[in-house]
$ cat protein.txt   # compact mmCIF, C-alpha atoms
# COMPACT_ATOMS: atom_id res chain seq x y z
CA MET E 1 105.96 121.00 93.57
CA ALA E 2 105.55 118.97 96.70
CA ALA E 3 106.88 115.43 96.48
CA LYS E 4 104.33 112.66 96.51
CA LEU E 5 104.02 109.17 97.83
CA SER E 6 104.81 106.33 95.47
CA PRO E 7 101.63 104.75 94.05
CA ARG E 8 102.25 101.63 96.10
CA ARG E 9 102.61 103.48 99.38
CA ARG E 10 99.59 105.55 98.56
CA LEU E 11 97.54 102.43 97.98
CA VAL E 12 98.61 100.99 101.34
CA LEU E 13 97.86 104.30 103.06
CA TRP E 14 94.39 104.54 101.53
CA LEU E 15 93.58 100.93 102.41
CA LEU E 16 94.48 101.75 106.01
CA LEU E 17 92.52 104.99 105.91
CA ALA E 18 89.47 103.23 104.49
CA LEU E 19 89.46 100.45 107.10
CA PRO E 20 87.65 102.35 109.91
CA ALA E 21 85.04 103.59 107.43
CA ALA E 22 84.53 100.04 106.17
CA LEU E 23 84.02 98.78 109.73
CA MET E 24 81.56 101.58 110.48
CA LEU E 25 79.57 100.95 107.31
CA GLN E 26 79.60 97.23 107.98
CA GLY E 27 78.22 97.89 111.47
CA TYR E 28 75.53 100.13 110.04
CA VAL E 29 74.49 97.79 107.25
CA SER E 30 74.44 94.73 109.51
CA GLY E 31 72.39 96.65 112.08
CA THR E 32 74.84 96.25 114.97
CA ALA E 33 75.35 100.02 115.07
CA LEU E 34 72.83 102.83 114.70
CA ALA E 35 73.63 105.98 112.75
CA LEU E 36 73.53 107.57 116.18
CA ASP E 37 76.39 105.35 117.35
CA LEU E 38 78.53 106.11 114.31
CA GLU E 39 78.32 109.89 114.41
CA ARG E 40 80.96 110.02 117.06
CA PRO E 41 83.58 107.60 115.66
CA SER E 42 83.33 109.09 112.16
CA GLY E 43 83.71 112.61 113.54
CA GLU E 44 86.63 111.53 115.70
CA MET E 45 88.38 110.02 112.70
CA ALA E 46 87.95 113.28 110.79
CA ALA E 47 89.37 115.26 113.70
CA ARG E 48 92.35 112.92 114.13
CA LEU E 49 93.13 113.12 110.43
CA ILE E 50 93.00 116.92 110.51
CA VAL E 51 95.52 116.82 113.36
CA LEU E 52 97.72 114.37 111.43
CA ALA E 53 97.59 116.60 108.35
CA LEU E 54 98.55 119.70 110.33
CA LEU E 55 101.35 118.22 112.45
CA PRO E 56 104.22 117.93 109.91
CA GLY E 57 104.46 121.72 109.46
CA PRO E 58 105.43 122.71 112.99
CA LEU E 59 107.34 119.45 113.59
CA ILE E 60 109.57 120.03 110.55
CA GLU E 61 110.31 123.53 111.71
CA VAL E 62 111.34 122.22 115.12
CA PHE E 63 113.15 118.99 114.25
CA GLY E 64 114.23 119.65 110.66
CA LEU E 65 113.29 117.66 107.59
CA THR E 66 114.08 114.14 108.79
CA ALA E 67 113.31 111.18 106.54
CA PHE E 68 110.31 110.30 108.69
CA LEU E 69 108.88 113.80 108.60
CA ARG E 70 109.51 114.03 104.85
CA GLY E 71 107.47 110.87 104.34
CA TRP E 72 104.74 112.27 106.55
CA LEU E 73 104.77 115.54 104.64
CA ASN E 74 104.43 113.67 101.37
CA ALA E 75 101.38 111.88 102.75
CA ARG E 76 99.68 114.94 104.19
CA ARG E 77 97.48 115.78 101.22
CA ASN E 78 96.09 112.26 101.38
CA LEU E 79 95.45 112.69 105.10
CA GLY E 80 93.64 115.96 104.48
CA VAL E 81 91.41 114.50 101.77
CA ALA E 82 90.67 111.53 104.03
CA ALA E 83 89.72 113.96 106.82
CA PHE E 84 87.24 115.61 104.46
CA LEU E 85 85.81 112.26 103.39
CA TYR E 86 85.35 111.23 107.02
CA SER E 87 83.59 114.58 107.62
CA LEU E 88 81.18 113.69 104.82
CA LEU E 89 80.64 110.25 106.32
CA HIS E 90 80.03 111.96 109.66
CA LEU E 91 77.44 114.18 107.97
CA ALA E 92 75.79 111.15 106.37
CA PHE E 93 75.48 109.42 109.77
CA TYR E 94 74.13 112.65 111.23
CA TYR E 95 71.50 112.70 108.49
CA GLY E 96 70.74 109.05 109.21
CA ASP E 97 70.29 109.93 112.87
CA VAL E 98 67.97 112.92 112.56
CA GLY E 99 66.19 111.48 109.53
CA SER E 100 65.33 114.58 107.53
CA LEU E 101 66.75 117.76 106.10
CA ARG E 102 64.14 119.70 108.03
CA ALA E 103 65.32 118.26 111.33
CA MET E 104 68.90 119.09 110.39
CA LEU E 105 68.04 122.69 109.57
CA GLY E 106 65.94 122.85 112.74
CA GLU E 107 69.01 122.53 114.90
CA ILE E 108 71.51 124.43 112.80
CA GLY E 109 71.28 127.41 115.16
CA LEU E 110 72.65 125.41 118.11
CA SER E 111 76.26 126.28 118.77
CA GLY E 112 77.30 122.62 118.94
CA ILE E 113 75.88 122.13 115.44
CA TRP E 114 76.75 125.22 113.41
CA THR E 115 80.37 124.95 114.48
CA GLY E 116 80.42 121.54 112.80
CA TRP E 117 78.80 122.84 109.62
CA LEU E 118 81.27 125.70 109.49
CA ALA E 119 84.23 123.36 109.97
CA LEU E 120 82.95 121.21 107.11
CA ALA E 121 82.40 124.25 104.87
CA LEU E 122 85.93 125.46 105.57
CA LEU E 123 87.30 122.08 104.49
CA ILE E 124 85.59 122.23 101.10
CA PRO E 125 87.98 124.66 99.30
CA PRO E 126 91.18 122.86 100.36
CA ALA E 127 89.65 119.45 99.62
CA ALA E 128 88.31 120.57 96.23
CA THR E 129 91.74 121.87 95.20
CA SER E 130 93.77 118.96 96.51
CA PHE E 131 94.74 117.53 93.14
CA ASP E 132 97.98 118.29 91.25
CA ARG E 133 96.49 120.43 88.51
CA ALA E 134 94.85 122.75 90.98
CA LEU E 135 98.12 123.03 92.87
CA ARG E 136 99.99 124.00 89.70
CA ARG E 137 97.37 126.43 88.47
CA LEU E 138 96.65 128.20 91.73
CA GLY E 139 100.25 128.80 92.83
CA MET E 140 100.34 130.88 96.00
CA THR E 141 96.55 130.94 96.22
CA TRP E 142 96.68 127.18 96.67
CA LYS E 143 98.68 127.53 99.87
CA ARG E 144 96.28 130.19 101.14
CA LEU E 145 93.31 127.94 100.44
CA GLN E 146 94.96 125.06 102.28
CA LYS E 147 95.34 127.30 105.33
CA LEU E 148 91.56 127.20 105.78
CA VAL E 149 92.29 123.91 107.53
CA TYR E 150 93.48 125.88 110.58
CA PRO E 151 90.13 127.57 111.30
CA ALA E 152 88.43 124.30 110.32
CA ALA E 153 90.47 122.57 113.04
CA LEU E 154 89.46 125.20 115.60
CA PHE E 155 85.77 124.89 114.75
CA THR E 156 86.06 121.11 114.80
CA LEU E 157 87.42 121.32 118.33
CA ALA E 158 84.65 123.75 119.35
CA HIS E 159 82.04 121.45 117.75
CA TRP E 160 83.39 118.48 119.70
CA LEU E 161 83.68 120.27 123.04
CA LEU E 162 80.21 121.77 122.80
CA LEU E 163 78.56 118.44 122.00
CA ASP E 164 80.44 116.22 124.36
CA PHE E 165 79.74 116.24 128.06
CA ALA E 166 83.22 114.80 128.60
CA TRP E 167 86.00 116.91 127.10
CA HIS E 168 88.98 114.60 127.67
CA GLU E 169 89.03 112.89 124.30
CA ALA E 170 88.74 116.15 122.41
CA ALA E 171 91.57 117.60 124.47
CA LEU E 172 93.68 114.48 123.93
CA THR E 173 93.15 114.67 120.18
CA ALA E 174 94.12 118.34 120.05
CA ALA E 175 97.05 117.99 122.47
CA PRO E 176 99.72 116.95 119.91
CA LEU E 177 98.95 120.05 117.85
CA VAL E 178 99.04 122.33 120.86
CA ILE E 179 102.39 120.85 121.91
CA ALA E 180 103.85 121.04 118.38
CA TYR E 181 102.79 124.66 117.96
CA GLY E 182 104.12 125.38 121.45
CA LEU E 183 107.51 123.90 120.55
CA ARG E 184 107.57 125.89 117.33
CA ALA E 185 106.72 129.11 119.15
CA TYR E 186 109.48 128.38 121.66
CA ARG E 187 111.98 127.77 118.88
CA ARG E 188 111.02 130.94 117.05
CA TRP E 189 111.26 132.90 120.27
CA THR E 190 114.76 131.60 121.09
CA LEU E 191 115.90 132.29 117.50
CA TYR E 192 114.50 135.79 117.75
CA ARG E 193 116.25 136.38 121.07
CA ARG E 194 119.55 135.16 119.66
CA GLN E 195 119.22 137.49 116.70
CA THR E 196 118.34 140.53 118.74
CA ALA E 197 120.84 139.84 121.58
CA MET X 1 111.80 126.60 135.87
CA THR X 2 113.66 126.29 132.60
CA PRO X 3 112.13 128.02 129.56
CA LEU X 4 111.36 124.63 128.05
CA ALA X 5 109.55 123.48 131.19
CA ARG X 6 107.63 126.74 131.23
CA LEU X 7 106.72 126.15 127.63
CA LEU X 8 105.42 122.67 128.31
CA VAL X 9 103.21 123.94 131.12
CA LEU X 10 101.20 126.09 128.73
CA PRO X 11 99.71 123.29 126.62
CA CYS X 12 98.97 121.37 129.81
CA LEU X 13 97.03 124.35 131.14
CA LEU X 14 95.19 124.67 127.86
CA VAL X 15 94.37 120.99 127.88
CA ALA X 16 93.24 121.16 131.50
CA THR X 17 90.72 123.97 130.93
CA PRO X 18 87.28 122.45 131.31
CA ALA X 19 84.94 122.75 128.38
CA LEU X 20 81.67 124.66 128.45
CA ALA X 21 79.79 121.40 128.61
CA ASP X 22 79.07 119.60 131.81
CA GLY X 23 82.03 117.39 132.51
CA ASN X 24 81.13 113.83 133.32
CA VAL X 25 77.60 113.46 134.60
CA THR X 26 77.41 111.51 137.84
CA CYS X 27 74.23 110.21 139.45
CA ALA X 28 75.55 108.87 142.81
CA SER X 29 73.45 105.77 142.24
CA GLY X 30 75.36 103.22 144.32
CA PRO X 31 76.03 99.60 143.29
CA GLN X 32 74.37 98.30 140.14
CA THR X 33 72.60 95.56 142.12
CA GLY X 34 70.27 98.22 143.50
CA TRP X 35 69.40 99.65 140.09
CA LYS X 36 66.08 99.27 138.35
CA PRO X 37 66.35 97.34 135.06
CA ILE X 38 67.29 99.54 132.13
CA ALA X 39 64.20 98.31 130.25
CA SER X 40 62.05 100.25 132.72
CA LEU X 41 63.36 103.44 131.12
CA LYS X 42 61.14 102.71 128.14
CA LYS X 43 58.09 103.69 130.16
CA GLN X 44 59.76 106.86 131.46
CA VAL X 45 60.62 107.88 127.94
CA TRP X 46 57.09 107.10 126.78
CA LEU X 47 55.72 109.20 129.66
CA GLU X 48 57.81 112.10 128.43
CA GLY X 49 56.22 111.74 125.01
CA TRP X 50 59.57 110.91 123.48
CA THR X 51 60.59 108.32 120.91
CA LEU X 52 63.41 106.20 122.28
CA GLN X 53 66.41 105.65 120.05
CA LYS X 54 68.80 104.13 122.51
CA ALA X 55 69.27 103.55 126.23
CA GLN X 56 72.60 102.74 127.81
CA ILE X 57 74.62 102.89 131.02
CA GLU X 58 76.92 105.91 131.19
CA GLY X 59 79.11 105.90 134.30
CA ASP X 60 76.64 105.50 137.15
CA CYS X 61 73.71 106.95 135.20
CA TYR X 62 71.24 105.73 132.65
CA GLU X 63 71.58 107.67 129.44
CA VAL X 64 68.86 107.92 126.84
CA TYR X 65 68.97 109.11 123.25
CA ALA X 66 65.53 110.05 122.03
CA GLN X 67 63.46 112.41 119.98
CA ASN X 68 61.15 114.68 121.91
CA GLU X 69 57.59 115.62 120.93
CA ALA X 70 58.89 118.34 118.63
CA GLY X 71 61.10 115.80 116.86
CA GLN X 72 64.26 117.27 118.35
CA ALA X 73 67.16 114.98 119.23
CA VAL X 74 67.70 114.91 122.98
CA GLU X 75 70.15 113.17 125.26
CA ALA X 76 68.89 112.60 128.78
CA PHE X 77 70.25 111.22 132.03
CA PHE X 78 68.05 109.28 134.41
CA HIS X 79 68.79 108.08 137.92
CA PRO X 80 69.16 104.28 137.78
CA VAL X 81 67.47 103.74 141.16
CA THR X 82 64.65 106.29 141.16
CA LEU X 83 64.40 106.63 137.34
CA GLN X 84 64.07 110.36 137.92
CA LYS X 85 64.90 112.51 134.90
CA LEU X 86 67.98 114.44 135.97
CA LEU X 87 69.39 116.20 132.96
CA VAL X 88 68.38 116.76 129.35
CA LEU X 89 70.75 118.04 126.71
CA ARG X 90 69.99 119.11 123.19
CA ARG X 91 73.17 118.81 121.12
CA GLY X 92 75.27 119.57 124.17
CA GLN X 93 73.06 122.42 125.38
CA GLU X 94 71.33 121.93 128.68
CA VAL X 95 67.55 122.21 128.28
CA PHE X 96 66.49 120.68 131.58
CA ARG X 97 68.03 120.03 134.96
CA ALA X 98 66.18 118.47 137.88
CA LYS X 99 65.90 120.70 140.93
CA GLY X 100 68.93 120.28 143.15
CA PHE X 101 70.77 117.98 140.71
CA LYS X 102 74.44 118.88 140.64
CA GLY X 103 76.00 115.71 139.13
$ encode --input "protein.txt" --output "structure tokens"
Amino acid sequence: MAAKLSPRRRLVLWLLLALPAALMLQGYVSGTALALDLERPSGEMAARLIVLALLPGPLIEVFGLTAFLRGWLNARRNLGVAAFLYSLLHLAFYYGDVGSLRAMLGEIGLSGIWTGWLALALLIPPAATSFDRALRRLGMTWKRLQKLVYPAALFTLAHWLLLDFAWHEAALTAAPLVIAYGLRAYRRWTLYRRQTA
Amino acid sequence: MTPLARLLVLPCLLVATPALADGNVTCASGPQTGWKPIASLKKQVWLEGWTLQKAQIEGDCYEVYAQNEAGQAVEAFFHPVTLQKLLVLRRGQEVFRAKGFKG
């Protein structure tokens, strides 16, 4: 079974992870920020956390299991669950913005919107099975379920690019993943060449 | 080019591919001293039959978040000097573009 963070480290991590949400909610409750203003930061947080949860895999393959990457790997389930929670917060602000379920359904056909819904739906199975008992009981299926995060990441990126008239921030957020997967592909390719040479 | 350098070019190319959306909207509106006050957008939005949620400066444009007559969320760009409606987006999809506007 995957190693886990110590309870103390996990507490510190979750306090850090909760801080942006607390600031957003405080802004909303105090009236300094509209739901409209908070859709973007909450969505961005979700996207960044997805990237952070996906990065250790390729990085470990490229650089080996260093102490730093081991710590990161141990924290990744927390990062993934936090990404899901920020997606829900994002959805809540979206609801607050459009004001009704009918209005939400009215725009579900727009490509910028359904991509977001699909990304959220894809995150549900991995998030719902993120606890230890599910991991033990599901075995290999657990790993397969977690892999839904990859298409979720792609649809998140599509959602962001389609909604945003400036694409730089989306690209910047996705860049570490693209680079990490690029490095991993390069490493696999050189290993393959060495084996077949 | 070394293989590693070649490899690093790929993500850069991927990152540099423009999205389907519009890139940054520009209004060529000159210095802010010549702009009409942002509050005057309220009337423009009212004339459209929209409900204003928020008006702000975005680059050299005025940007408005509103709900149109059908209750749909729209994001619109207005020229800060002429207050002409230049571009309207619905969740990133262009639904209106003023004739000749290329910004």
$ closest_residue --input "protein.txt" --among "X:Val81, X:Val95, X:Val25, X:Leu52" --to "Tyr65 of chain X" --atoms "only C-alpha atoms"
X:Leu52
$ closest_atom_pairs --input "protein.txt" --of "chain E" --to "chain X" --cutoff "10 Å" --atoms "all atoms listed in the file" --output "JSON lines"
{"residue": "E:Leu34", "atom": "CA", "partner": "X:Gln53", "partner_atom": "CA", "distance": 8.8}
{"residue": "E:Leu36", "atom": "CA", "partner": "X:Gln53", "partner_atom": "CA", "distance": 8.3}
{"residue": "E:Asp37", "atom": "CA", "partner": "X:Lys54", "partner_atom": "CA", "distance": 9.3}
{"residue": "E:Asp97", "atom": "CA", "partner": "X:Ala73", "partner_atom": "CA", "distance": 8.7}
{"residue": "E:Val98", "atom": "CA", "partner": "X:Ala73", "partner_atom": "CA", "distance": 7.0}
{"residue": "E:Gly99", "atom": "CA", "partner": "X:Gly71", "partner_atom": "CA", "distance": 9.9}
{"residue": "E:Ala103", "atom": "CA", "partner": "X:Gln72", "partner_atom": "CA", "distance": 7.2}
{"residue": "E:Met104", "atom": "CA", "partner": "X:Gln72", "partner_atom": "CA", "distance": 9.4}
{"residue": "E:Gly106", "atom": "CA", "partner": "X:Gln72", "partner_atom": "CA", "distance": 8.1}
{"residue": "E:Glu107", "atom": "CA", "partner": "X:Gln72", "partner_atom": "CA", "distance": 7.9}
{"residue": "E:Leu110", "atom": "CA", "partner": "X:Arg91", "partner_atom": "CA", "distance": 7.3}
{"residue": "E:Ser111", "atom": "CA", "partner": "X:Gln93", "partner_atom": "CA", "distance": 8.3}
{"residue": "E:Gly112", "atom": "CA", "partner": "X:Arg91", "partner_atom": "CA", "distance": 6.0}
{"residue": "E:Ile113", "atom": "CA", "partner": "X:Arg91", "partner_atom": "CA", "distance": 7.1}
{"residue": "E:Ala158", "atom": "CA", "partner": "X:Ala19", "partner_atom": "CA", "distance": 9.1}
{"residue": "E:His159", "atom": "CA", "partner": "X:Gly92", "partner_atom": "CA", "distance": 9.5}
{"residue": "E:Trp160", "atom": "CA", "partner": "X:Gly92", "partner_atom": "CA", "distance": 9.3}
{"residue": "E:Leu161", "atom": "CA", "partner": "X:Ala19", "partner_atom": "CA", "distance": 6.0}
{"residue": "E:Leu162", "atom": "CA", "partner": "X:Gly92", "partner_atom": "CA", "distance": 5.6}
{"residue": "E:Leu163", "atom": "CA", "partner": "X:Gly92", "partner_atom": "CA", "distance": 4.1}
{"residue": "E:Asp164", "atom": "CA", "partner": "X:Gly92", "partner_atom": "CA", "distance": 6.2}
{"residue": "E:Phe165", "atom": "CA", "partner": "X:Asp22", "partner_atom": "CA", "distance": 5.1}
{"residue": "E:Ala166", "atom": "CA", "partner": "X:Gly23", "partner_atom": "CA", "distance": 4.8}
{"residue": "E:Trp167", "atom": "CA", "partner": "X:Ala19", "partner_atom": "CA", "distance": 6.1}
{"residue": "E:His168", "atom": "CA", "partner": "X:Val15", "partner_atom": "CA", "distance": 8.4}
{"residue": "E:Ala170", "atom": "CA", "partner": "X:Val15", "partner_atom": "CA", "distance": 9.2}
{"residue": "E:Ala171", "atom": "CA", "partner": "X:Val15", "partner_atom": "CA", "distance": 5.6}
{"residue": "E:Leu172", "atom": "CA", "partner": "X:Val15", "partner_atom": "CA", "distance": 7.6}
{"residue": "E:Ala174", "atom": "CA", "partner": "X:Val15", "partner_atom": "CA", "distance": 8.3}
{"residue": "E:Ala175", "atom": "CA", "partner": "X:Val15", "partner_atom": "CA", "distance": 6.7}
{"residue": "E:Pro176", "atom": "CA", "partner": "X:Pro11", "partner_atom": "CA", "distance": 9.2}
{"residue": "E:Leu177", "atom": "CA", "partner": "X:Pro11", "partner_atom": "CA", "distance": 9.4}
{"residue": "E:Val178", "atom": "CA", "partner": "X:Pro11", "partner_atom": "CA", "distance": 5.9}
{"residue": "E:Ile179", "atom": "CA", "partner": "X:Pro11", "partner_atom": "CA", "distance": 5.9}
{"residue": "E:Ala180", "atom": "CA", "partner": "X:Pro11", "partner_atom": "CA", "distance": 9.5}
{"residue": "E:Tyr181", "atom": "CA", "partner": "X:Pro11", "partner_atom": "CA", "distance": 9.3}
{"residue": "E:Gly182", "atom": "CA", "partner": "X:Leu7", "partner_atom": "CA", "distance": 6.7}
{"residue": "E:Leu183", "atom": "CA", "partner": "X:Leu7", "partner_atom": "CA", "distance": 7.5}
{"residue": "E:Ala185", "atom": "CA", "partner": "X:Leu7", "partner_atom": "CA", "distance": 9.0}
{"residue": "E:Tyr186", "atom": "CA", "partner": "X:Leu7", "partner_atom": "CA", "distance": 6.9}
{"residue": "E:Arg187", "atom": "CA", "partner": "X:Leu4", "partner_atom": "CA", "distance": 9.7}
{"residue": "E:Thr190", "atom": "CA", "partner": "X:Pro3", "partner_atom": "CA", "distance": 9.6}
$ closest_residue --input "protein.txt" --among "X:Cys61, X:Leu83, X:Val74, X:Ala66" --to "Ala28 of chain X" --atoms "all atoms listed in the file"
X:Cys61
$ atom_distance --input "protein.txt" --atom1 "atom CA of Leu73 of chain E" --atom2 "atom CA of Leu148 of chain E"
17.7 Å
$ atom_distance --input "protein.txt" --atom1 "atom CA of Thr115 of chain E" --atom2 "atom CA of Ala53 of chain E"
20.1 Å
$ atom_distance --input "protein.txt" --atom1 "atom CA of Ala153 of chain E" --atom2 "atom CA of Leu135 of chain E"
21.6 Å
$ closest_residue --input "protein.txt" --among "E:Leu23, E:Met140, E:Val149, E:Ala127" --to "Leu85 of chain E" --atoms "all atoms listed in the file"
E:Ala127
$ residues_around --input "protein.txt" --residues "Asp132 of chain E" --least-positions-apart "3" --cutoff "12 Å" --atoms "all atoms listed in the file" --output "list in words"
Met1, Ala2, Ala3, Lys4, Arg77, Asn78, Ala127, Ala128, Thr129, Leu135, Arg136, Arg137, Leu138, Gly139 and Trp142 of chain E
$ closest_residue --input "protein.txt" --among "E:Phe84, E:Phe93, E:Trp189, E:Phe131" --to "Thr156 of chain E" --atoms "all atoms listed in the file"
E:Phe84
$ residues_around --input "protein.txt" --residues "Thr26 of chain X" --least-positions-apart "2" --cutoff "12 Å" --atoms "all atoms listed in the file" --output "MDAnalysis selection string"
(chainID E and resid 165:166) or (chainID X and resid 22:24 28:30 57:63 77:80 86:87 101:103)
$ closest_residue --input "protein.txt" --among "E:Leu154, E:Glu169, E:Leu16, E:Pro56" --to "Pro41 of chain E" --atoms "only C-alpha atoms"
E:Glu169
$ axis_aligned_box --input "protein.txt" --around "segment 46-58 of chain E" --padding-each-side "6 Å" --output "lines of an AutoDock Vina configuration file"
center_x = 96.7
center_y = 117.8
center_z = 111.2
size_x = 29.5
size_y = 21.8
size_z = 17.8
